[in-house]
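One file, upload-v1.cif, carrying mmCIF, C-alpha atoms and all ligand atoms:
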data_coords
loop_
_atom_site.label_atom_id
_atom_site.label_comp_id
_atom_site.auth_asym_id
_atom_site.auth_seq_id
_atom_site.Cartn_x
_atom_site.Cartn_y
_atom_site.Cartn_z
CA MET G 1489 0.00 0.00 0.00
CA SER G 1490 1.42 3.35 -0.91
CA LEU G 1491 0.71 6.32 1.25
CA PRO G 1492 1.21 10.00 0.55
CA SER G 1493 4.43 11.33 1.98
CA SER G 1494 2.59 13.46 4.49
CA THR G 1495 1.19 10.35 6.12
CA SER G 1496 4.18 8.09 6.30
CA ARG G 1497 4.54 5.22 8.70
CA ARG G 1498 5.24 7.76 11.40
CA GLY G 1499 1.53 8.20 11.46
CA PHE G 1500 -1.13 10.78 11.63
CA ILE G 1501 0.13 12.39 14.72
CA LEU G 1502 3.70 12.92 13.66
CA SER G 1503 2.63 14.25 10.30
CA SER G 1504 0.67 16.97 11.97
CA GLY G 1505 3.31 19.60 11.22
CA ALA G 1506 2.06 19.71 7.67
CA ALA G 1507 -1.46 19.32 8.93
CA LEU G 1508 -1.14 22.36 11.16
CA LEU G 1509 0.15 24.40 8.25
CA ALA G 1510 -2.78 23.23 6.20
CA SER G 1511 -5.17 24.21 8.95
CA THR G 1512 -4.93 27.83 7.89
CA ILE G 1513 -6.76 26.80 4.74
CA TYR G 1514 -9.96 25.61 6.30
CA TYR G 1515 -12.07 23.59 3.94
CA PRO G 1516 -15.83 23.84 4.23
CA THR G 1517 -17.68 20.94 5.72
CA SER G 1518 -19.59 18.72 3.41
CA ALA G 1519 -22.65 20.87 4.01
CA ALA G 1520 -21.36 23.25 1.40
CA TRP G 1521 -21.22 20.52 -1.19
CA ALA G 1522 -24.51 19.03 -0.26
CA ALA G 1523 -26.72 21.95 -1.18
CA GLY G 1524 -29.11 21.02 -3.91
CA ALA G 1525 -27.61 17.77 -5.16
CA ASP G 1526 -28.66 14.19 -4.62
CA GLU G 1527 -25.72 12.44 -6.18
CA PRO G 1528 -22.13 13.49 -6.52
CA PRO G 1529 -21.12 14.12 -10.11
CA GLY G 1530 -17.75 13.04 -11.41
CA PRO G 1531 -14.73 12.33 -9.27
CA PRO G 1532 -14.69 12.86 -5.49
CA GLN G 1533 -14.87 16.48 -4.42
CA ILE G 1534 -11.60 16.22 -2.56
CA SER G 1535 -8.64 13.93 -2.96
CA ALA G 1536 -7.84 11.03 -0.67
CA ASP G 1537 -4.75 12.89 0.50
CA GLU G 1538 -6.84 15.90 1.44
CA ALA G 1539 -9.24 13.65 3.34
CA ILE G 1540 -6.29 12.09 5.18
CA ARG G 1541 -5.00 15.54 6.05
CA ARG G 1542 -8.35 16.58 7.51
CA LEU G 1543 -8.50 13.43 9.61
CA ALA G 1544 -4.94 14.03 10.78
CA GLU G 1545 -5.76 17.62 11.74
CA GLY G 1546 -8.84 16.50 13.63
CA ASN G 1547 -6.98 13.75 15.46
CA ARG G 1548 -4.29 16.23 16.46
CA ARG G 1549 -6.95 18.54 17.91
CA PHE G 1550 -8.44 15.60 19.79
CA VAL G 1551 -5.10 14.52 21.23
CA ASP G 1552 -4.29 18.07 22.24
CA GLY G 1553 -7.66 18.55 23.91
CA LYS G 1554 -8.54 21.27 21.42
CA ILE G 1555 -11.50 19.80 19.59
CA THR G 1556 -13.65 22.28 17.68
CA HIS G 1557 -16.82 20.18 17.24
CA PRO G 1558 -17.17 21.26 13.60
CA GLY G 1559 -20.36 20.93 11.61
CA ARG G 1560 -22.86 20.49 14.42
CA THR G 1561 -25.04 23.57 14.23
CA PRO G 1562 -28.42 23.79 12.46
CA ALA G 1563 -26.70 25.75 9.69
CA ASP G 1564 -24.47 22.74 9.16
CA PHE G 1565 -26.93 19.88 9.37
CA GLN G 1566 -29.97 21.42 7.70
CA PRO G 1567 -28.46 21.57 4.18
CA LEU G 1568 -27.33 17.97 4.62
CA ALA G 1569 -30.95 16.86 4.58
CA GLN G 1570 -30.65 17.22 0.79
CA GLY G 1571 -27.66 14.92 0.42
CA GLN G 1572 -24.45 13.76 1.96
CA TYR G 1573 -20.85 14.02 0.79
CA PRO G 1574 -18.70 12.39 3.44
CA ILE G 1575 -14.94 12.73 3.05
CA ALA G 1576 -14.22 9.17 4.10
CA ALA G 1577 -15.72 5.80 4.86
CA ILE G 1578 -14.36 4.34 8.07
CA ILE G 1579 -14.64 0.76 9.22
CA SER G 1580 -14.03 0.78 12.93
CA CYS G 1581 -14.68 -1.40 15.95
CA ALA G 1582 -17.96 -1.13 17.84
CA ASP G 1583 -15.91 -0.51 21.00
CA SER G 1584 -17.46 2.37 22.96
CA ARG G 1585 -14.07 4.05 23.21
CA VAL G 1586 -13.52 4.25 19.47
CA ALA G 1587 -15.87 6.92 18.11
CA PRO G 1588 -14.53 8.19 14.77
CA GLU G 1589 -16.43 11.50 14.68
CA ILE G 1590 -15.00 12.36 18.07
CA LEU G 1591 -11.43 11.13 17.72
CA PHE G 1592 -11.11 12.76 14.29
CA ASP G 1593 -13.07 15.85 15.43
CA GLN G 1594 -15.39 15.77 12.42
CA GLY G 1595 -18.95 16.94 12.00
CA ILE G 1596 -22.31 15.73 10.82
CA GLY G 1597 -22.04 14.42 7.27
CA ASP G 1598 -18.26 14.19 7.24
CA LEU G 1599 -17.73 10.49 7.92
CA PHE G 1600 -19.56 7.41 6.65
CA ILE G 1601 -18.92 4.98 9.47
CA ILE G 1602 -19.37 1.24 9.55
CA ARG G 1603 -18.84 -0.11 13.03
CA ILE G 1604 -18.48 -3.79 13.72
CA ALA G 1605 -16.84 -5.55 16.65
CA GLY G 1606 -13.31 -6.38 15.55
CA ASN G 1607 -13.50 -4.07 12.50
CA TYR G 1608 -12.97 -6.95 10.11
CA VAL G 1609 -13.80 -6.93 6.44
CA ASP G 1610 -12.96 -10.38 5.15
CA GLY G 1611 -15.82 -12.65 6.11
CA ALA G 1612 -17.98 -9.79 7.28
CA GLY G 1613 -20.62 -10.45 4.66
CA PRO G 1614 -22.80 -8.18 2.53
CA ALA G 1615 -23.81 -5.77 5.29
CA VAL G 1616 -20.29 -4.46 5.65
CA LYS G 1617 -19.12 -4.91 2.07
CA GLY G 1618 -22.31 -3.46 0.62
CA SER G 1619 -22.05 -0.48 2.93
CA VAL G 1620 -18.49 0.20 1.81
CA GLU G 1621 -19.48 -0.21 -1.83
CA TYR G 1622 -22.35 2.21 -1.34
CA SER G 1623 -19.97 4.80 0.05
CA VAL G 1624 -17.83 4.51 -3.08
CA ALA G 1625 -20.42 4.01 -5.80
CA VAL G 1626 -23.07 6.42 -4.54
CA LEU G 1627 -21.52 8.75 -1.99
CA ASN G 1628 -18.27 9.10 -3.92
CA VAL G 1629 -15.91 9.01 -0.95
CA PRO G 1630 -12.25 9.46 -1.90
CA LEU G 1631 -10.96 7.51 1.09
CA ILE G 1632 -11.69 4.29 2.97
CA ALA G 1633 -9.96 3.77 6.30
CA VAL G 1634 -9.91 0.55 8.28
CA LEU G 1635 -9.41 1.51 11.90
CA GLY G 1636 -8.28 -0.96 14.52
CA HIS G 1637 -7.53 -0.07 18.11
CA SER G 1638 -5.34 -1.08 21.02
CA GLN G 1639 -6.68 -3.59 23.51
CA CYS G 1640 -9.41 -4.73 21.12
CA GLY G 1641 -11.62 -7.17 23.02
CA ALA G 1642 -12.70 -8.98 19.86
CA VAL G 1643 -9.10 -9.72 18.88
CA LYS G 1644 -8.32 -10.70 22.47
CA SER G 1645 -11.16 -13.20 22.31
CA ALA G 1646 -9.84 -14.58 19.06
CA ILE G 1647 -6.47 -15.17 20.71
CA GLN G 1648 -8.05 -16.69 23.79
CA HIS G 1649 -10.33 -19.01 21.87
CA LEU G 1650 -8.09 -19.70 18.90
CA HIS G 1651 -8.14 -23.44 19.22
CA ASP G 1652 -11.50 -23.86 20.93
CA HIS G 1653 -14.72 -24.86 19.22
CA ASN G 1654 -18.10 -23.54 20.27
CA ALA G 1655 -16.41 -21.88 23.19
CA LEU G 1656 -18.47 -18.72 23.03
CA PRO G 1657 -22.23 -18.26 23.16
CA GLY G 1658 -24.51 -17.31 20.32
CA ALA G 1659 -23.02 -15.65 17.26
CA ILE G 1660 -20.02 -14.38 19.19
CA ASN G 1661 -18.20 -17.52 18.20
CA ASP G 1662 -18.79 -16.87 14.51
CA LEU G 1663 -17.65 -13.29 14.89
CA VAL G 1664 -14.45 -14.22 16.67
CA LYS G 1665 -13.76 -16.94 14.11
CA GLN G 1666 -13.31 -14.29 11.42
CA LEU G 1667 -10.48 -12.76 13.42
CA LYS G 1668 -8.52 -15.96 13.87
CA PRO G 1669 -6.60 -15.74 10.56
CA ALA G 1670 -5.07 -12.45 11.75
CA VAL G 1671 -4.08 -14.13 15.02
CA LEU G 1672 -2.67 -17.18 13.27
CA GLU G 1673 -0.45 -15.13 10.99
CA SER G 1674 0.81 -13.18 14.03
CA GLU G 1675 1.75 -16.19 16.11
CA GLY G 1676 5.46 -16.68 16.54
CA LYS G 1677 6.34 -13.19 15.33
CA PRO G 1678 8.45 -10.82 17.41
CA GLY G 1679 6.63 -8.43 19.69
CA ASP G 1680 3.27 -8.54 21.41
CA LEU G 1681 0.80 -11.04 19.96
CA LEU G 1682 -2.26 -8.88 20.63
CA GLU G 1683 -0.74 -5.76 19.07
CA ASN G 1684 0.51 -7.74 16.09
CA ALA G 1685 -2.87 -9.40 15.56
CA ILE G 1686 -4.70 -6.08 15.79
CA GLU G 1687 -2.41 -4.66 13.13
CA ALA G 1688 -2.62 -7.79 10.99
CA ASN G 1689 -6.40 -7.63 11.13
CA VAL G 1690 -6.33 -4.06 9.81
CA ARG G 1691 -3.89 -4.99 7.06
CA ARG G 1692 -6.06 -7.90 6.03
CA GLY G 1693 -9.03 -5.56 5.78
CA VAL G 1694 -7.10 -3.08 3.64
CA ALA G 1695 -5.84 -5.85 1.37
CA LYS G 1696 -9.34 -7.25 1.00
CA LEU G 1697 -10.79 -3.88 0.04
CA ASN G 1698 -7.99 -3.11 -2.39
CA THR G 1699 -9.05 -6.07 -4.50
CA LEU G 1700 -12.75 -6.27 -3.69
CA GLU G 1701 -14.77 -6.61 -6.88
CA PRO G 1702 -16.69 -5.11 -8.52
CA VAL G 1703 -16.77 -1.64 -6.95
CA VAL G 1704 -13.96 -0.90 -4.53
CA GLY G 1705 -11.04 -2.70 -6.17
CA PRO G 1706 -11.48 -1.05 -9.58
CA ALA G 1707 -11.88 2.37 -7.92
CA VAL G 1708 -8.56 1.83 -6.13
CA LYS G 1709 -6.89 0.62 -9.30
CA SER G 1710 -8.04 3.64 -11.27
CA GLY G 1711 -6.70 5.98 -8.59
CA ARG G 1712 -10.14 7.37 -7.78
CA ILE G 1713 -9.97 6.30 -4.15
CA LYS G 1714 -7.42 5.12 -1.59
CA VAL G 1715 -7.74 2.53 1.14
CA VAL G 1716 -5.63 3.04 4.24
CA GLY G 1717 -5.31 1.38 7.62
CA GLY G 1718 -4.69 2.79 11.06
CA VAL G 1719 -4.62 1.79 14.71
CA TYR G 1720 -6.13 4.00 17.39
CA ASP G 1721 -4.39 4.05 20.77
CA LEU G 1722 -6.96 4.13 23.56
CA ALA G 1723 -4.52 5.64 26.03
CA THR G 1724 -3.04 8.47 23.97
CA GLY G 1725 -5.85 9.18 21.52
CA THR G 1726 -3.51 8.98 18.56
CA VAL G 1727 -4.24 7.23 15.31
CA ARG G 1728 -1.16 5.63 13.83
CA MET G 1729 -1.32 5.09 10.10
CA LEU G 1730 0.03 1.79 8.86
CA ALA G 1731 2.59 2.00 6.08
ZN ZN Q 1 -12.34 -3.62 19.36
#
Just give me the structure as structure tokens.
Amino acid sequence: MSLPSSTSRRGFILSSGAALLASTIYYPTSAAWAAGADEPPGPPQISADEAIRRLAEGNRRFVDGKITHPGRTPADFQPLAQGQYPIAAIISCADSRVAPEILFDQGIGDLFIIRIAGNYVDGAGPAVKGSVEYSVAVLNVPLIAVLGHSQCGAVKSAIQHLHDHNALPGAINDLVKQLKPAVLESEGKPGDLLENAIEANVRRGVAKLNTLEPVVGPAVKSGRIKVVGGVYDLATGTVRMLA
């Protein structure tokens, strides 16, 4: 996966020097684009790199305790009743501590968020894949981000129950099963198994989306959109982009 130079492996937070410079050029929220149109014409309104920069700026504000709560007044949300133009689709965990609008300091209409315990894509079925495809084909997002997080309980469960069968009640077992490939490929590698599996799970999601036919993969290939992965740190609030 290639990333723009401003979002190297050092991550969102360390790239915020450029982001802070860019903050003097404040882009309007999607409300401005939404007025009077049902469907986005042509290519995305902003580039994937610009979307990444906005997320990086917002995450920096969040980490610094300087959130601005953009796009939450009636003047912002009323025009959005006519249509939405989110800047990114984000697949994140259902964990109550991982709220993308808050940790990226974005407003109503800015993020198209799909939340599922364990934020996995491969094996997630049509609800997740169809939602992502909708964000690309209809909402015209320039960016898809798969967002894992530290101390993910779903990944922990996958590690704990890796070799068990029917060890968990209800559909939890089926959910955790989808995370086991990420755990298996992380076993025996240097470092912390949980951290490695969390990262591997994100990478697997990115790889799946990059080749997912017939909507997302071709959009990536043509350069119309980018798919990136990141891991949110519960303790520091930072989102680290994966190279
Ligand atoms: Zn989680």
Would you please work out which residue, of G:Gln1666, G:Gln1572, G:Gln1566, G:Ser1638, is nearest to ligand ZN 1 (chain Q) when using only C-alpha atoms and all ligand atoms?
->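 Once distances to ligand ZN 1 (chain Q) are computed over only C-alpha atoms and all ligand atoms, the minimum belongs to G:Ser1638.
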For the interface of chain G with ligand ZN 1 (chain Q) (cut-off 12 Å, counting all atoms listed in the file), please tabulate each contacting residue of chain G alongside its nearest pair of atoms and their separation in Å to one decimal, rows sorted by chain and increasing number, as a tab-separated table.
residue	atom	partner	partner_atom	distance
G:Ile1579	CA	Q:ZN1	ZN	11.3
G:Ser1580	CA	Q:ZN1	ZN	8.0
G:Cys1581	CA	Q:ZN1	ZN	4.7
G:Ala1582	CA	Q:ZN1	ZN	6.3
G:Asp1583	CA	Q:ZN1	ZN	5.0
G:Ser1584	CA	Q:ZN1	ZN	8.7
G:Arg1585	CA	Q:ZN1	ZN	8.8
G:Val1586	CA	Q:ZN1	ZN	8.0
G:Ala1587	CA	Q:ZN1	ZN	11.2
G:Arg1603	CA	Q:ZN1	ZN	9.7
G:Ile1604	CA	Q:ZN1	ZN	8.3
G:Ala1605	CA	Q:ZN1	ZN	5.6
G:Gly1606	CA	Q:ZN1	ZN	4.8
G:Asn1607	CA	Q:ZN1	ZN	7.0
G:Tyr1608	CA	Q:ZN1	ZN	9.9
G:Leu1635	CA	Q:ZN1	ZN	9.5
G:Gly1636	CA	Q:ZN1	ZN	6.9
G:His1637	CA	Q:ZN1	ZN	6.1
G:Ser1638	CA	Q:ZN1	ZN	7.6
G:Gln1639	CA	Q:ZN1	ZN	7.0
G:Cys1640	CA	Q:ZN1	ZN	3.6
G:Gly1641	CA	Q:ZN1	ZN	5.1
G:Ala1642	CA	Q:ZN1	ZN	5.4
G:Val1643	CA	Q:ZN1	ZN	6.9
G:Lys1644	CA	Q:ZN1	ZN	8.7
G:Ser1645	CA	Q:ZN1	ZN	10.1
G:Ala1646	CA	Q:ZN1	ZN	11.2
G:Leu1663	CA	Q:ZN1	ZN	11.9
G:Val1664	CA	Q:ZN1	ZN	11.1
G:Leu1667	CA	Q:ZN1	ZN	11.1
G:Leu1682	CA	Q:ZN1	ZN	11.4
G:Glu1683	CA	Q:ZN1	ZN	11.8
G:Ala1685	CA	Q:ZN1	ZN	11.7
G:Ile1686	CA	Q:ZN1	ZN	8.8
G:Glu1687	CA	Q:ZN1	ZN	11.8
G:Asn1689	CA	Q:ZN1	ZN	10.9
G:Val1690	CA	Q:ZN1	ZN	11.3
G:Val1719	CA	Q:ZN1	ZN	10.5
G:Tyr1720	CA	Q:ZN1	ZN	10.0
G:Asp1721	CA	Q:ZN1	ZN	11.1
G:Leu1722	CA	Q:ZN1	ZN	10.3
Atoms kept (C-alpha atoms) for selection, written as a short mmCIF file (atom, residue, chain, number, x, y, z; two decimals), in the frame of the given file:
data_model
loop_
_atom_site.label_atom_id
_atom_site.label_comp_id
_atom_site.auth_asym_id
_atom_site.auth_seq_id
_atom_site.Cartn_x
_atom_site.Cartn_y
_atom_site.Cartn_z
CA ILE G 1579 -14.64 0.76 9.22
CA SER G 1580 -14.03 0.78 12.93
CA CYS G 1581 -14.68 -1.40 15.95
CA ALA G 1582 -17.96 -1.13 17.84
CA ASP G 1583 -15.91 -0.51 21.00
CA SER G 1584 -17.46 2.37 22.96
CA ARG G 1585 -14.07 4.05 23.21
CA VAL G 1586 -13.52 4.25 19.47
CA ALA G 1587 -15.87 6.92 18.11
CA ARG G 1603 -18.84 -0.11 13.03
CA ILE G 1604 -18.48 -3.79 13.72
CA ALA G 1605 -16.84 -5.55 16.65
CA GLY G 1606 -13.31 -6.38 15.55
CA ASN G 1607 -13.50 -4.07 12.50
CA TYR G 1608 -12.97 -6.95 10.11
CA LEU G 1635 -9.41 1.51 11.90
CA GLY G 1636 -8.28 -0.96 14.52
CA HIS G 1637 -7.53 -0.07 18.11
CA SER G 1638 -5.34 -1.08 21.02
CA GLN G 1639 -6.68 -3.59 23.51
CA CYS G 1640 -9.41 -4.73 21.12
CA GLY G 1641 -11.62 -7.17 23.02
CA ALA G 1642 -12.70 -8.98 19.86
CA VAL G 1643 -9.10 -9.72 18.88
CA LYS G 1644 -8.32 -10.70 22.47
CA SER G 1645 -11.16 -13.20 22.31
CA ALA G 1646 -9.84 -14.58 19.06
CA LEU G 1663 -17.65 -13.29 14.89
CA VAL G 1664 -14.45 -14.22 16.67
CA LEU G 1667 -10.48 -12.76 13.42
CA LEU G 1682 -2.26 -8.88 20.63
CA GLU G 1683 -0.74 -5.76 19.07
CA ALA G 1685 -2.87 -9.40 15.56
CA ILE G 1686 -4.70 -6.08 15.79
CA GLU G 1687 -2.41 -4.66 13.13
CA ASN G 1689 -6.40 -7.63 11.13
CA VAL G 1690 -6.33 -4.06 9.81
CA VAL G 1719 -4.62 1.79 14.71
CA TYR G 1720 -6.13 4.00 17.39
CA ASP G 1721 -4.39 4.05 20.77
CA LEU G 1722 -6.96 4.13 23.56
#
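CA of Gly1693 (chain G) sits 20.7 Å away from CA of Ala1659 (chain G).
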Atomic separation - CA of Phe1592 (chain G) relative to CA of Asp1564 (chain G), Å = 17.4 Å
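When all atoms listed in the file are used to compute distances to Pro1567 (chain G), the closest of the residues G:Val1716, G:Ile1596, G:Ile1602, G:Ile1632 turns out to be G:Ile1596.
Going from CA of Ser1674 (chain G) over to CA of Gly1725 (chain G), you cover 24.5 Å.
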Shell of 10 Å around region 1705-1708 of chain G, all atoms listed in the file, local chain residues under 2 positions omitted, as number ranges by chain | G: 1621, 1624-1625, 1630-1632, 1695-1703, 1710-1715
For Asp1552 (chain G), which residue out of G:Gly1676, G:Arg1692, G:Leu1591, G:Ala1615 is the nearest one, using only C-alpha atoms?
->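 Once distances to Asp1552 (chain G) are computed over only C-alpha atoms, the minimum belongs to G:Leu1591.
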Report the centre and edge lengths, in Å to one decimal, of an axis-aligned box enclosing every atom of region 1680-1699 of chain G listed in the file, padded by 5 Å on each side, as JSON.
{"center_x": -3.8, "center_y": -7.1, "center_z": 8.5, "size_x": 24.1, "size_y": 18.0, "size_z": 35.9}
